[in-house]
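Accompanying notes for the structure given below.
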Amino acid sequence: MASKSKANGVKSNTLGFFGSIRAMITNKDIRNRVLFTLFAFLVYRLGSAITVPNVNTSVLVESLEENSLFAMINLLGGGGLEQFSVFALGVTPYITASIIIQLLSMDVIPQLTELSKSGASGRKTLDKYTRYLAVVFGFVQSFSTVYGLSKNYPSLLTGGTNLATVLYIATIFTAGTMFLVWIGDQISTKGIGNGISMVIMAGIVGRLPQQFSTAYSTLISSADAPDYGIALFISYIICYLLIIVFVTLINTAERKIPIQQTSSSLEIIKNKNDDYLPLKVNSASVIPVIFASSLMMAPLQIASFFSQNDFTRALNNFLGLKTWYSLVIYVVLILFFTFFYTKMQINPEEFSKNLAKSGQYIPGIRPGTETQNYVNRVLSRITVFGSIALALIAVLPHAMTLFWPDLSSSMALGGTGLIIVVGVAIETVKQIQGLITQKSYKDYY
């Protein structure tokens, strides 16, 4: 009993906010992990400020606000694209490759499916394939981005647009992406959190001071600032915080389906509080937004290879997230991909079989087909709410610029970046709390 009370005391102490902060500082292992992660962030931010040679970046800042394709790449790259830095693309090619390999591993390509079920060795092989594919995607995306921008902005490349220069810069971009992937691996091994996710979060958070500075300048300190600019700026901050709270609730909300277990004599074992199946409202996270954005922006990136004409301008209006009908298409794609990816992540049929094998069941629901239908029905209901919330947050910054044409896109609230930052922050906090709890138990036993 004494040992149990002591263990409970350790657990309760580590749950406190100030206790967690103190444990992070005093615990050598956790402190070193945090410091290593911060150092990796510093390397990333320094690299994001190193511009590749022979580039005039002054023409990019304004154009990125007008072009949703490059604005999305710039966001996920932590602002590196507008600087044309060595980390211009961030880890976007690796994310795309990871998603594709993951989808192909779900009973699409048998060899990949077998590897995904082969334990650590299989996952290692899949990760190697993902990196190879990321190099290909990185180079293709780099080449198309540099060539497309140089065609639309002839003064971008100081030495003129030629194949050698474009290939040179594309190679640098690809190398920068793979170096960031390596930094992400180091963070996962020696630091805190998932390395790739932390790199993305660092880039997005690094742009927040610029966003608030722009808002302050536009609403208060500029010559064209309105008389009630202070009230608008305060409202802007409050709205930003409310959106963060909303995103946090969506990322943590879950539907708990109770589960009971039978003994060998078919007597029901009393259901415990932690015997349930948690179904997250937003199981797909930000992946549907990335899918929808990629699908809409692929034609725009192809069109950037050609000179501007009536067709390319019409295509940009139709898919460029600058009109209401393009936003409707964007929302429909997000809803579709949310259901699609959620169904691939959670298979009610497999869940029903696993429950039957382990002697568990859902109270009031017959095992087998009835259980499968029940889980599928509950999953569909909560996914409706999760997909609508995800689409609302993702489309908010684009809709704000339509409601308020004079609003700079850098000031728009919500969006993909906020979903990523909140999700990564929640998972990182959970990992830190787990490390603290683990260390506290080791100290006592």
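Residues are referred to by chain and number: the chain letter is A, B, ... according to the order shown in the structure tokens, the number counts from 1 in that chain, and ligands are numbered separately from 1 in the order shown.
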**OP:** Would you kindly return, as JSON, numbers by chain, each protein, DNA or RNA residue with an atom no farther than 9 Å from any atom of Ser142 in chain A, considering only C-alpha atoms and excluding same-chain residues fewer than 6 positions away?
**Re:** {"A": [88, 89, 166, 167, 169, 170, 171, 172, 173, 174]}
Write out, as a short mmCIF file (atom, residue, chain, number, x, y, z; two decimals), in the first residue's frame, the residues just selected, with N, CA, C and O atoms.
```
data_model
loop_
_atom_site.label_atom_id
_atom_site.label_comp_id
_atom_site.auth_asym_id
_atom_site.auth_seq_id
_atom_site.Cartn_x
_atom_site.Cartn_y
_atom_site.Cartn_z
N ALA A 88 14.23 26.46 -48.70
CA ALA A 88 13.03 27.10 -49.26
C ALA A 88 11.81 26.19 -49.23
O ALA A 88 10.70 26.64 -48.95
N LEU A 89 11.99 24.90 -49.52
CA LEU A 89 10.85 23.98 -49.59
C LEU A 89 10.54 23.32 -48.26
O LEU A 89 9.54 22.60 -48.15
N VAL A 166 18.77 27.06 -63.26
CA VAL A 166 17.60 26.44 -62.65
C VAL A 166 17.96 25.09 -62.02
O VAL A 166 17.56 24.78 -60.90
N LEU A 167 18.74 24.27 -62.72
CA LEU A 167 19.16 22.98 -62.17
C LEU A 167 20.04 23.16 -60.94
O LEU A 167 19.94 22.39 -59.96
N ILE A 169 20.02 25.71 -58.73
CA ILE A 169 19.22 26.12 -57.58
C ILE A 169 18.31 24.97 -57.12
O ILE A 169 18.13 24.75 -55.91
N ALA A 170 17.76 24.21 -58.08
CA ALA A 170 16.91 23.07 -57.71
C ALA A 170 17.68 22.03 -56.92
O ALA A 170 17.16 21.43 -55.97
N THR A 171 18.94 21.83 -57.27
CA THR A 171 19.78 20.87 -56.53
C THR A 171 20.02 21.36 -55.10
O THR A 171 19.98 20.57 -54.15
N ILE A 172 20.25 22.66 -54.95
CA ILE A 172 20.45 23.23 -53.61
C ILE A 172 19.19 23.06 -52.77
O ILE A 172 19.24 22.66 -51.60
N PHE A 173 18.03 23.36 -53.37
CA PHE A 173 16.77 23.20 -52.65
C PHE A 173 16.55 21.76 -52.21
O PHE A 173 16.13 21.49 -51.07
N THR A 174 16.84 20.81 -53.09
CA THR A 174 16.65 19.40 -52.77
C THR A 174 17.59 18.97 -51.65
O THR A 174 17.18 18.26 -50.71
#
```
Subject >> Residues within 10 Å of Gly368 in chain A, only C-alpha atoms, excluding chain neighbours under 3 positions, as a ChimeraX atom specification >> reply: /A:349,351-353,355-356,361,365,371-373
Subject >> One-decimal distance in Å that lies between CA of Arg377 in chain A and CA of Asn282 in chain A >> reply: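 These two atoms are separated by 15.5 Å.
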Subject >> Surrounding residues of Tyr129 in chain A excluding itself and chain neighbours under 4 positions, 10 Å, only C-alpha atoms, as a VMD selection string >> reply: chain A and resid 97 to 98 101 112 123 to 125 133 to 134
**OP:** Just give me the gap between CA of Leu208 in chain A and CA of Leu156 in chain A in Å, one decimal is fine.
**Re:**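 Between CA of Leu208 in chain A and CA of Leu156 in chain A the gap is 26.4 Å.
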Original post:
If you count only C-alpha atoms, which residues fall within 10 Å of Leu319 in chain A, apart from same-chain ones fewer than 6 positions away, as a ChimeraX atom specification?
Top reply: /A:68-69,293,295-300,325-327,329-330
Filtering to C-alpha atoms, could you give me those residues as a PDB file, in the first residue's frame?
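Generated file (again.pdb):
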```pdb
ATOM      1  CA  SER A  68      -1.762  30.780 -53.039  1.00  0.00           C
ATOM      2  CA  LEU A  69       0.440  27.996 -54.445  1.00  0.00           C
ATOM      3  CA  SER A 293      -4.145  21.985 -51.454  1.00  0.00           C
ATOM      4  CA  LEU A 295      -4.612  18.608 -55.789  1.00  0.00           C
ATOM      5  CA  MET A 296      -5.781  22.169 -56.478  1.00  0.00           C
ATOM      6  CA  MET A 297      -2.305  23.615 -56.852  1.00  0.00           C
ATOM      7  CA  ALA A 298      -0.778  20.953 -59.106  1.00  0.00           C
ATOM      8  CA  PRO A 299      -2.481  22.409 -62.228  1.00  0.00           C
ATOM      9  CA  LEU A 300      -1.355  25.893 -61.187  1.00  0.00           C
ATOM     10  CA  TYR A 325     -16.172  29.150 -56.036  1.00  0.00           C
ATOM     11  CA  SER A 326     -12.529  28.103 -55.606  1.00  0.00           C
ATOM     12  CA  LEU A 327     -13.056  28.077 -51.827  1.00  0.00           C
ATOM     13  CA  ILE A 329     -14.056  23.399 -54.281  1.00  0.00           C
ATOM     14  CA  TYR A 330     -11.387  23.557 -51.565  1.00  0.00           C
TER      15      TYR A 330
END
```
**OP:** Find the residues around Ala202 in chain A up to 10 Å (only C-alpha atoms counted), leave out those fewer than 4 positions away in its own chain, and share them as a PyMOL selection string.
**Re:** chain A and resi 38+40-42+44-45+76-78+196-198+206-207+421
Original post:
Distance CA of Ile50 in chain A-CA of Ala164 in chain A, one decimal place?
Top reply: 20.7 Å
Original post:
Can you tell me, as a VMD selection string, what residues are no more than 8 Å from Val281 in chain A when counting only C-alpha atoms, ignoring any on the same chain fewer than 4 positions away?
Top reply: chain A and resid 250 to 255 382 to 383 385 to 386
Write a file of the selected residues as an mmCIF file, in the first residue's frame, keeping N, CA, C and O atoms.
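What landed in out.cif:
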```cif
data_model
loop_
_atom_site.group_PDB
_atom_site.id
_atom_site.type_symbol
_atom_site.label_atom_id
_atom_site.label_comp_id
_atom_site.auth_asym_id
_atom_site.auth_seq_id
_atom_site.Cartn_x
_atom_site.Cartn_y
_atom_site.Cartn_z
ATOM 1 N N ILE A 250 -10.719 20.666 -30.975
ATOM 2 C CA ILE A 250 -10.960 19.731 -32.082
ATOM 3 C C ILE A 250 -9.903 18.633 -32.092
ATOM 4 O O ILE A 250 -10.200 17.453 -32.328
ATOM 5 N N ASN A 251 -8.641 18.986 -31.826
ATOM 6 C CA ASN A 251 -7.555 17.999 -31.865
ATOM 7 C C ASN A 251 -7.599 17.023 -30.699
ATOM 8 O O ASN A 251 -7.077 15.908 -30.805
ATOM 9 N N THR A 252 -8.189 17.435 -29.585
ATOM 10 C CA THR A 252 -8.214 16.561 -28.395
ATOM 11 C C THR A 252 -9.557 15.876 -28.200
ATOM 12 O O THR A 252 -9.656 14.940 -27.404
ATOM 13 N N ALA A 253 -10.603 16.332 -28.905
ATOM 14 C CA ALA A 253 -11.936 15.746 -28.717
ATOM 15 C C ALA A 253 -11.961 14.314 -29.241
ATOM 16 O O ALA A 253 -11.381 14.008 -30.288
ATOM 17 N N GLU A 254 -12.640 13.453 -28.515
ATOM 18 C CA GLU A 254 -12.753 12.052 -28.922
ATOM 19 C C GLU A 254 -14.063 11.455 -28.417
ATOM 20 O O GLU A 254 -14.629 11.922 -27.428
ATOM 21 N N ARG A 255 -14.519 10.474 -29.117
ATOM 22 C CA ARG A 255 -15.735 9.733 -28.733
ATOM 23 C C ARG A 255 -15.289 8.409 -28.138
ATOM 24 O O ARG A 255 -14.630 7.600 -28.798
ATOM 25 N N ILE A 382 -18.903 11.361 -36.143
ATOM 26 C CA ILE A 382 -17.933 12.295 -35.581
ATOM 27 C C ILE A 382 -17.017 12.863 -36.662
ATOM 28 O O ILE A 382 -16.515 13.989 -36.534
ATOM 29 N N THR A 383 -16.820 12.104 -37.747
ATOM 30 C CA THR A 383 -15.992 12.613 -38.843
ATOM 31 C C THR A 383 -16.686 13.756 -39.561
ATOM 32 O O THR A 383 -16.020 14.658 -40.089
ATOM 33 N N PHE A 385 -18.473 16.121 -38.160
ATOM 34 C CA PHE A 385 -18.151 17.312 -37.377
ATOM 35 C C PHE A 385 -16.680 17.681 -37.520
ATOM 36 O O PHE A 385 -16.326 18.854 -37.697
ATOM 37 N N GLY A 386 -15.803 16.677 -37.455
ATOM 38 C CA GLY A 386 -14.371 16.953 -37.561
ATOM 39 C C GLY A 386 -13.989 17.525 -38.909
ATOM 40 O O GLY A 386 -13.164 18.447 -38.999
#
```
